[in-house]
Amino acid sequence: MKRLTCFFICFFLSEVSGFEIPINGLSEFVDYEDLVELAPGKFQLVAENRRYQRSLPGESEEMMEEVDQVTLYSYKVQSTITSRMATTMIQSKVVNNSPQPQNVVFDVQIPKGAFISNFSMSSALDMENFRTEVNVLPGAKVQFELHYQEVKWRKLGSYEHRIYLQPGRLAKHLEVDVWVIEPQGLRFLHVPDTFEGHFDGVPVISKGQQKAHVSFKPTVAQQRICPNCRETAVDGELVVLYDVKREEKAGELEVFNGYFVHFFAPDNLDPIPKNILFVIDVSGSMWGVKMKQTVEAMKTILDDLRAEDHFSVIDFNQNIRTWRNDLISATKTQVADAKRYIEKIQPSGGTNINEALLRAIFILNEANNLGLLDPNSVSLIILVSDGDPTVGELKLSKIQKNVKENIQDNISLFSLGMGFDVDYDFLKRLSNENHGIAQRIYGNQDTSSQLKKFYNQVSTPLLRNVQFNYPHTSVTDVTQNNFHNYFGGSEIVVAGKFDPAKLDQIESVITATSANTQLVLETLAQMDDLQDFLSKDKHADPDFTRKLWAYLTINQLLAERSLAPTAAAKRRITRSILQMSLDHHIVTPLTSLVIENEAGDERMLADAPPQDPSCCSGALYYGSKVVPDSTPSWANPSPTPVISMLAQGSQVLESTPPPHVMRVENDPHFIIYLPKSQKNICFNIDSEPGKILNLVSDPESGIVVNGQLVGAKKPNNGKLSTYFGKLGFYFQSEDIKIEISTETITLSHGSSTFSLSWSDTAQVTNQRVQISVKKEKVVTITLDKEMSFSVLLHRVWKKHPVNVDFLGIYIPPTNKFSPKAHGLIGQFMQEPKIHIFNERPGKDPEKPEASMEVKGQKLIITRGLQKDYRTDLVFGTDVTCWFVHNSGKGFIDGHYKDYFVPQLYSFLKRP
């Protein structure tokens, strides 16, 4: 039988947080006495030893007291936190009791930013969603197991570990175990009631000096939502809150296995006075609950200002208004007046983000230049907006540039994106570039409490200009070690490498400015301090220092990449990220996951997410398929599949160059091969969804090939991508029309019609025309056994927020067409003479420019790479081509709009 193998392939895609592939072991069904041990058949989706397992049909098993079509035998969650690095396993074991096959869905939510191997997205606050669905045969068992990792960040004085429990039904065995191991020692640990008292007394907490264990094991009776109900009450979050002891202001320096991690969270410091400007979007889209809750939050926030703070309020739509044109002391009288001003706001009009931010920057800059600000104070701008700019400067990159050019280095910009319509990626870049952070505020949650919680995280600045230094030359690859501000209740984490053979101890020197003094903090860490501690605890993760360093480094590189000033810098950073992905098995936003069967002829690419999905950050979209055999390919014994990480261009991906063709792929990108010149010339056609483009029109031989465009689900960076969603082939002499869409292949001959699905593998022959379908991959249309057209199917995840399925078409240059053949591709069957000369460096060093003379015109062209997907539908083969700008102007005859035709089988009417 077939097996499925997973590959991770590196692509240059959009930014989001990274994910790590776990590599530890897996417990088996034998853990439970009432379950039969699994047969060797395994379905692997997670990583190396991580398996979704299922047994062969017919194995005996003990049923639960209530027989259901699908019985949940066990639901098990294990979390271990070692020095803020958390590893969580969620395992589900089910059996199909029905005489019919049943679809079983494994659907769990995980904290956003967690490192996992594959998952899709959901709209839950601070959560991602992993979901996979398989078809289980009668009597068969299936085991799902998902592992993910995350770093615990300190907020408002504690670390919060959330596990979303969603077994979906009563489980015979349900157990959750959380171990917290902190060498610094535990200051407190608390498990709040998140189930409205239903499980009162069920969580059991065992706490020592440096380790705690939380156990949650409700019986079947305790799981029931009511005594006689079959529904489970286990549907929510188990939350563990804790903090660690801190005896020294210099922080805790933990050193192990060639890496160190420095935790720094001083307290007992006086707050630094702050100058804060609230910039609030009051455009029409803020009308209703959003504005009401924003006003409510702002009133509470203003009450929390300290007497030594200075503030003002700017509200904006298409116009910019200020409560005060300068900064005002936060006295009770002024705060009360500002609250009255905010209460009177009536949302309306457009959104002028550019002018609002420049006004806020001007107020702070002017106050600083006039010496009106305390030199030891901290200046903050907090932007609250729910939409993209619609008035004034609309170009996001220009707004970003304007802010950067005007803002002074002593100002931090924080951005709060309200709801799901705002361009959150833009807000992240805006804040990251200006010493701040961005956060999404979810409109379907309690907006007011989210705003207040965020403000509380930045309301108490304790230090400015915090610098971490590690003088010894054996300390290398240190992560970010300078920080603009440190806020009370948070924590700064710095990590790096060291050579234990050259260094007996690591020294750190921290310098910072507090409210009333300059601080110099020194500490030493011995090499073997953690050795005994970690070796004595089976739950401790001895690899936590490396994982933390890799996590910090990869996210730092991703942030740098998003702000790279040049294409060359971006490529350099990208190469570093890809190497990190390979070295540390971290699936980054530049990486995708592919599922492949053993034969290598069926692959599905997991789509990378957009720069900011509608709810959550940092995710990898996973799209899987079950091979439609009589028995699922993973149901029978087979060698254990493996996962490997591959960099693009590595030896495994090399292939023999395919025969030269003319083709159209992606958006739609035409690549014209000119045999005499042995050159590939390419151009894009930027048009509208629904338009039909003529590709080949040969009235003499009676052949037409047209393509209809389909649009992406929404614009990306202001541009709506289009693709070929439907192709029409008309062979007039045979009276045969072939329509190929992303769903079906339809052959019409006279009054008769015959349809095929992409899930078929079939061949249809009608005298001169032969149609071959290779399921989910390619349709080949051959005329007279000598002229072939290939149509490739490109599938994307059906719930992808932007991309859609599309088609690629490949047409070999041939002399079988008549001299009258025309069309966007057909015109090049008669090869034009071209002369490419004066090759020179372009704006991008890796994309040189040249001049090309063709059809009596001189064009500027650019050399780059495009993909040929015939030999490899997922990865493609790089093809060098010279790119003609402006929709092929000068290379094609006339204007691209001249190639519009009214119907899918219309011949081109030439002017």
# chains A, B, ... in the order shown; residues from 1 in each chain; ligands from 1

$ residues_around --residues "Gly251 (chain A)" --least-positions-apart "6" --cutoff "10 Å" --atoms "only C-alpha atoms" --output "list in words"
Gln184, His262, Phe263, Phe264, Ala265, Pro266, Glu491, Ile492, Val493, Ser508, Ile510, Leu521, Glu522 and Thr523 of chain A

$ residues_around --residues "Ile361 (chain A)" --least-positions-apart "5" --cutoff "10 Å" --atoms "only C-alpha atoms" --output "PyMOL selection string"
chain A and resi 277+355-356+366-367+380-381+403+406-408+411+413

$ write_last_selection --atoms "N, CA and C atoms" --output "PDB file, in the first residue's frame"
ATOM      1  N   LEU A 277       0.703  60.281  24.318  1.00  0.00           N
ATOM      2  CA  LEU A 277      -0.315  60.809  23.418  1.00  0.00           C
ATOM      3  C   LEU A 277      -1.183  59.656  22.929  1.00  0.00           C
ATOM      4  N   GLU A 355      -1.713  61.917   8.826  1.00  0.00           N
ATOM      5  CA  GLU A 355      -1.720  63.230   9.466  1.00  0.00           C
ATOM      6  C   GLU A 355      -1.882  63.123  10.982  1.00  0.00           C
ATOM      7  N   ALA A 356      -2.651  62.143  11.444  1.00  0.00           N
ATOM      8  CA  ALA A 356      -2.836  61.980  12.884  1.00  0.00           C
ATOM      9  C   ALA A 356      -1.519  61.643  13.572  1.00  0.00           C
ATOM     10  N   GLU A 366       8.120  69.006  19.517  1.00  0.00           N
ATOM     11  CA  GLU A 366       8.172  70.417  19.889  1.00  0.00           C
ATOM     12  C   GLU A 366       8.395  70.570  21.388  1.00  0.00           C
ATOM     13  N   ALA A 367       7.682  69.767  22.179  1.00  0.00           N
ATOM     14  CA  ALA A 367       7.864  69.841  23.634  1.00  0.00           C
ATOM     15  C   ALA A 367       9.282  69.470  24.026  1.00  0.00           C
ATOM     16  N   LEU A 380       5.620  58.214  24.779  1.00  0.00           N
ATOM     17  CA  LEU A 380       4.883  57.131  24.133  1.00  0.00           C
ATOM     18  C   LEU A 380       3.754  57.694  23.271  1.00  0.00           C
ATOM     19  N   ILE A 381       3.527  57.058  22.122  1.00  0.00           N
ATOM     20  CA  ILE A 381       2.333  57.289  21.315  1.00  0.00           C
ATOM     21  C   ILE A 381       1.575  55.973  21.257  1.00  0.00           C
ATOM     22  N   VAL A 403       6.592  58.665   9.101  1.00  0.00           N
ATOM     23  CA  VAL A 403       6.716  58.524  10.551  1.00  0.00           C
ATOM     24  C   VAL A 403       8.185  58.378  10.945  1.00  0.00           C
ATOM     25  N   ASN A 406      10.199  61.636  10.799  1.00  0.00           N
ATOM     26  CA  ASN A 406       9.830  62.722  11.691  1.00  0.00           C
ATOM     27  C   ASN A 406       9.951  62.374  13.173  1.00  0.00           C
ATOM     28  N   ILE A 407       9.828  61.117  13.520  1.00  0.00           N
ATOM     29  CA  ILE A 407       9.820  60.738  14.926  1.00  0.00           C
ATOM     30  C   ILE A 407      11.234  60.800  15.505  1.00  0.00           C
ATOM     31  N   GLN A 408      11.359  61.283  16.717  1.00  0.00           N
ATOM     32  CA  GLN A 408      12.662  61.325  17.379  1.00  0.00           C
ATOM     33  C   GLN A 408      12.928  60.005  18.083  1.00  0.00           C
ATOM     34  N   ILE A 411      11.059  58.446  21.268  1.00  0.00           N
ATOM     35  CA  ILE A 411       9.621  58.184  21.249  1.00  0.00           C
ATOM     36  C   ILE A 411       9.370  56.729  20.855  1.00  0.00           C
ATOM     37  N   LEU A 413       6.341  54.058  19.625  1.00  0.00           N
ATOM     38  CA  LEU A 413       5.014  54.045  19.001  1.00  0.00           C
ATOM     39  C   LEU A 413       4.386  52.666  19.174  1.00  0.00           C
TER      40      LEU A 413
END

$ atom_distance --atom1 "CA of Val191 (chain A)" --atom2 "CA of Leu238 (chain A)"
7.7 Å

$ residues_around --residues "Leu563 (chain A)" --least-positions-apart "6" --cutoff "9 Å" --atoms "only C-alpha atoms" --output "PyMOL selection string"
chain A and resi 429+432-433+570

$ write_last_selection --atoms "C-alpha atoms" --output "PDB file, in the first residue's frame"
ATOM      1  CA  ARG A 429       6.096  47.283  10.853  1.00  0.00           C
ATOM      2  CA  ASN A 432       8.684  47.585  15.292  1.00  0.00           C
ATOM      3  CA  GLU A 433      10.561  50.322  13.473  1.00  0.00           C
ATOM      4  CA  LYS A 570      16.177  41.013   2.510  1.00  0.00           C
TER       5      LYS A 570
END

$ closest_residue --among "A:Gln857, A:Gln732, A:Gln318, A:Gln149" --to "Tyr551 (chain A)" --atoms "only C-alpha atoms"
A:Gln149

$ residues_around --residues "Tyr259 (chain A)" --least-positions-apart "2" --cutoff "6 Å" --atoms "only C-alpha atoms" --output "list in words"
Val255, Phe256, Asn257, Gly496, Lys497, Phe498, Thr545 and Arg546 of chain A

$ residues_around --residues "Leu302 (chain A)" --least-positions-apart "4" --cutoff "10 Å" --atoms "only C-alpha atoms" --output "tab-separated table (two decimals) with C-alpha atoms, in the first residue's frame"
chain	number	residue	atom	x	y	z
A	278	PHE	CA	-3.44	58.77	22.70
A	297	ALA	CA	-11.44	51.94	28.31
A	298	MET	CA	-9.97	55.42	27.79
A	306	ARG	CA	0.13	59.51	37.56
A	311	PHE	CA	-0.65	63.60	28.20
A	312	SER	CA	-3.00	64.69	25.44
A	330	ALA	CA	-2.27	64.62	34.49
A	332	LYS	CA	-7.48	65.34	38.42
A	334	GLN	CA	-7.29	67.88	33.45
A	335	VAL	CA	-8.10	64.16	33.44
A	336	ALA	CA	-11.77	64.91	34.12
A	338	ALA	CA	-10.22	64.93	28.87
A	339	LYS	CA	-12.81	62.31	29.83

$ closest_residue --among "A:Lys719, A:Lys691, A:Arg464, A:His484" --to "Ser514 (chain A)" --atoms "only C-alpha atoms"
A:Arg464

$ residues_around --residues "Lys855 (chain A)" --least-positions-apart "4" --cutoff "12 Å" --atoms "only C-alpha atoms" --output "compact mmCIF listing (two decimals) with all heavy atoms, in the first residue's frame"
# COMPACT_ATOMS: atom_id res chain seq x y z
N PHE A 828 3.57 33.91 -31.42
CA PHE A 828 5.00 33.60 -31.34
C PHE A 828 5.34 32.24 -31.95
O PHE A 828 6.49 31.80 -31.87
CB PHE A 828 5.46 33.67 -29.89
CG PHE A 828 5.30 35.05 -29.30
CD1 PHE A 828 4.27 35.32 -28.40
CD2 PHE A 828 6.14 36.09 -29.68
CE1 PHE A 828 4.10 36.59 -27.87
CE2 PHE A 828 5.97 37.36 -29.16
CZ PHE A 828 4.95 37.63 -28.26
N GLU A 831 8.40 32.91 -34.95
CA GLU A 831 9.32 33.55 -33.99
C GLU A 831 9.80 34.91 -34.49
O GLU A 831 10.36 35.01 -35.59
CB GLU A 831 10.52 32.65 -33.72
CG GLU A 831 11.48 33.23 -32.69
CD GLU A 831 12.60 32.27 -32.33
OE1 GLU A 831 12.44 31.06 -32.59
OE2 GLU A 831 13.62 32.72 -31.80
N PRO A 832 9.61 35.96 -33.69
CA PRO A 832 10.14 37.27 -34.08
C PRO A 832 11.65 37.33 -33.85
O PRO A 832 12.20 36.62 -33.01
CB PRO A 832 9.41 38.23 -33.13
CG PRO A 832 9.15 37.41 -31.90
CD PRO A 832 8.90 36.01 -32.39
N LYS A 833 12.30 38.19 -34.59
CA LYS A 833 13.73 38.39 -34.37
C LYS A 833 13.93 39.31 -33.18
O LYS A 833 13.29 40.36 -33.07
CB LYS A 833 14.38 39.00 -35.62
CG LYS A 833 14.41 38.07 -36.81
CD LYS A 833 15.12 38.73 -38.00
CE LYS A 833 15.17 37.78 -39.18
NZ LYS A 833 15.86 38.41 -40.36
N ILE A 834 14.80 38.91 -32.29
CA ILE A 834 15.11 39.75 -31.13
C ILE A 834 16.61 39.94 -31.03
O ILE A 834 17.40 39.12 -31.51
CB ILE A 834 14.58 39.15 -29.82
CG1 ILE A 834 15.31 37.83 -29.49
CG2 ILE A 834 13.08 38.94 -29.86
CD1 ILE A 834 15.04 37.34 -28.09
N HIS A 835 16.99 41.05 -30.45
CA HIS A 835 18.41 41.33 -30.21
C HIS A 835 18.52 41.89 -28.80
O HIS A 835 18.00 42.96 -28.49
CB HIS A 835 18.95 42.33 -31.23
CG HIS A 835 20.37 42.74 -30.96
ND1 HIS A 835 21.37 41.83 -30.68
CD2 HIS A 835 20.96 43.98 -30.93
CE1 HIS A 835 22.52 42.48 -30.49
NE2 HIS A 835 22.29 43.79 -30.63
N LEU A 859 13.21 47.97 -26.02
CA LEU A 859 12.60 47.81 -24.71
C LEU A 859 13.67 47.61 -23.64
O LEU A 859 14.76 47.11 -23.92
CB LEU A 859 11.66 46.59 -24.70
CG LEU A 859 10.62 46.50 -25.82
CD1 LEU A 859 9.85 45.20 -25.71
CD2 LEU A 859 9.67 47.70 -25.77
N LYS A 889 4.06 45.18 -23.28
CA LYS A 889 3.96 46.22 -24.30
C LYS A 889 5.24 46.28 -25.13
O LYS A 889 6.34 46.37 -24.61
CB LYS A 889 3.71 47.57 -23.62
CG LYS A 889 3.49 48.71 -24.59
CD LYS A 889 3.18 50.00 -23.86
CE LYS A 889 2.93 51.15 -24.82
NZ LYS A 889 2.64 52.42 -24.10
N GLY A 890 5.06 46.24 -26.44
CA GLY A 890 6.19 46.28 -27.37
C GLY A 890 6.64 44.91 -27.81
O GLY A 890 7.19 44.74 -28.90
N PHE A 891 6.40 43.89 -26.95
CA PHE A 891 6.77 42.52 -27.31
C PHE A 891 5.58 41.82 -27.97
O PHE A 891 5.73 41.10 -28.94
CB PHE A 891 7.24 41.77 -26.07
CG PHE A 891 7.65 40.35 -26.35
CD1 PHE A 891 8.71 40.07 -27.20
CD2 PHE A 891 6.98 39.29 -25.76
CE1 PHE A 891 9.10 38.75 -27.45
CE2 PHE A 891 7.35 37.98 -26.00
CZ PHE A 891 8.42 37.71 -26.86
N ILE A 892 4.38 42.04 -27.40
CA ILE A 892 3.19 41.50 -28.05
C ILE A 892 2.68 42.53 -29.07
O ILE A 892 2.94 43.72 -28.97
CB ILE A 892 2.08 41.18 -27.02
CG1 ILE A 892 1.59 42.45 -26.31
CG2 ILE A 892 2.57 40.15 -26.02
CD1 ILE A 892 0.41 42.22 -25.39
N ASP A 893 1.93 42.06 -30.06
CA ASP A 893 1.32 42.96 -31.04
C ASP A 893 0.20 43.74 -30.36
O ASP A 893 -0.69 43.15 -29.73
CB ASP A 893 0.75 42.17 -32.22
CG ASP A 893 1.83 41.52 -33.05
OD1 ASP A 893 2.99 41.98 -32.99
OD2 ASP A 893 1.51 40.54 -33.75
N GLY A 894 0.24 45.06 -30.49
CA GLY A 894 -0.83 45.89 -29.95
C GLY A 894 -0.84 45.92 -28.43
O GLY A 894 0.18 45.76 -27.76

$ residues_around --residues "Gly236 (chain A)" --least-positions-apart "4" --cutoff "7 Å" --atoms "only C-alpha atoms" --output "list in words"
Tyr164, Leu165 and Gln166 of chain A

$ closest_residue --among "A:Pro542, A:Pro500, A:Pro668, A:Pro375" --to "Ile685 (chain A)" --atoms "only C-alpha atoms"
A:Pro668

$ closest_residue --among "A:Leu793, A:Val244, A:Val94, A:Leu170" --to "Arg154 (chain A)" --atoms "only C-alpha atoms"
A:Val244

$ closest_residue --among "A:Gly350, A:Pro183, A:Pro99, A:Pro218" --to "Gln531 (chain A)" --atoms "only C-alpha atoms"
A:Pro183

$ select_by_dssp --residues "region 711-816 of chain A" --states "strand (DSSP E)" --output "NGL selection string"
:A and (711 or 722-731 or 736-741 or 744-749 or 752-757 or 762-766 or 769-774 or 778-783 or 787-794 or 806-811)

$ write_last_selection --atoms "C-alpha atoms" --output "short mmCIF file (atom, residue, chain, number, x, y, z; two decimals), in the first residue's frame"
data_model
loop_
_atom_site.label_atom_id
_atom_site.label_comp_id
_atom_site.auth_asym_id
_atom_site.auth_seq_id
_atom_site.Cartn_x
_atom_site.Cartn_y
_atom_site.Cartn_z
CA GLY A 711 -9.71 36.66 -8.95
CA THR A 722 -5.93 37.00 -11.08
CA TYR A 723 -5.41 33.48 -12.40
CA PHE A 724 -6.79 31.24 -15.09
CA GLY A 725 -9.78 29.52 -13.50
CA LYS A 726 -11.14 28.10 -16.75
CA LEU A 727 -9.63 27.15 -20.12
CA GLY A 728 -11.49 26.46 -23.38
CA PHE A 729 -10.16 24.42 -26.33
CA TYR A 730 -12.07 24.41 -29.61
CA PHE A 731 -11.15 22.11 -32.49
CA ILE A 736 -15.03 19.35 -30.25
CA LYS A 737 -15.05 21.77 -27.35
CA ILE A 738 -13.17 21.05 -24.15
CA GLU A 739 -13.76 23.12 -21.04
CA ILE A 740 -11.31 22.68 -18.17
CA SER A 741 -12.04 24.32 -14.83
CA THR A 744 -14.24 19.42 -13.88
CA ILE A 745 -13.12 18.55 -17.41
CA THR A 746 -16.00 18.63 -19.91
CA LEU A 747 -15.86 17.33 -23.49
CA SER A 748 -18.63 18.46 -25.89
CA HIS A 749 -18.97 16.80 -29.29
CA SER A 752 -23.28 15.03 -26.63
CA THR A 753 -21.38 15.96 -23.47
CA PHE A 754 -19.02 13.91 -21.33
CA SER A 755 -17.52 15.05 -18.00
CA LEU A 756 -14.55 13.95 -15.94
CA SER A 757 -13.43 14.95 -12.48
CA ALA A 762 -8.90 8.46 -17.31
CA GLN A 763 -8.35 8.71 -21.05
CA VAL A 764 -10.92 9.70 -23.70
CA THR A 765 -10.21 9.36 -27.43
CA ASN A 766 -12.29 10.81 -30.22
CA VAL A 769 -8.34 14.26 -30.24
CA GLN A 770 -7.20 12.43 -27.12
CA ILE A 771 -7.74 13.66 -23.57
CA SER A 772 -5.74 12.15 -20.70
CA VAL A 773 -6.41 13.00 -17.05
CA LYS A 774 -3.95 12.23 -14.28
CA VAL A 778 -2.59 17.33 -15.19
CA VAL A 779 -4.83 17.10 -18.25
CA THR A 780 -3.11 16.47 -21.58
CA ILE A 781 -4.93 17.21 -24.85
CA THR A 782 -3.29 15.70 -27.94
CA LEU A 783 -4.27 16.46 -31.52
CA MET A 787 0.37 18.52 -31.00
CA SER A 788 -0.09 18.47 -27.20
CA PHE A 789 -1.41 20.94 -24.68
CA SER A 790 -0.89 20.39 -20.94
CA VAL A 791 -3.08 21.93 -18.23
CA LEU A 792 -1.81 21.74 -14.66
CA LEU A 793 -4.04 22.01 -11.61
CA HIS A 794 -2.80 24.10 -8.70
CA PHE A 806 -6.03 27.91 -10.59
CA LEU A 807 -4.77 26.38 -13.82
CA GLY A 808 -1.48 26.57 -15.68
CA ILE A 809 -1.23 25.89 -19.41
CA TYR A 810 1.79 24.64 -21.40
CA ILE A 811 1.93 24.82 -25.21
#
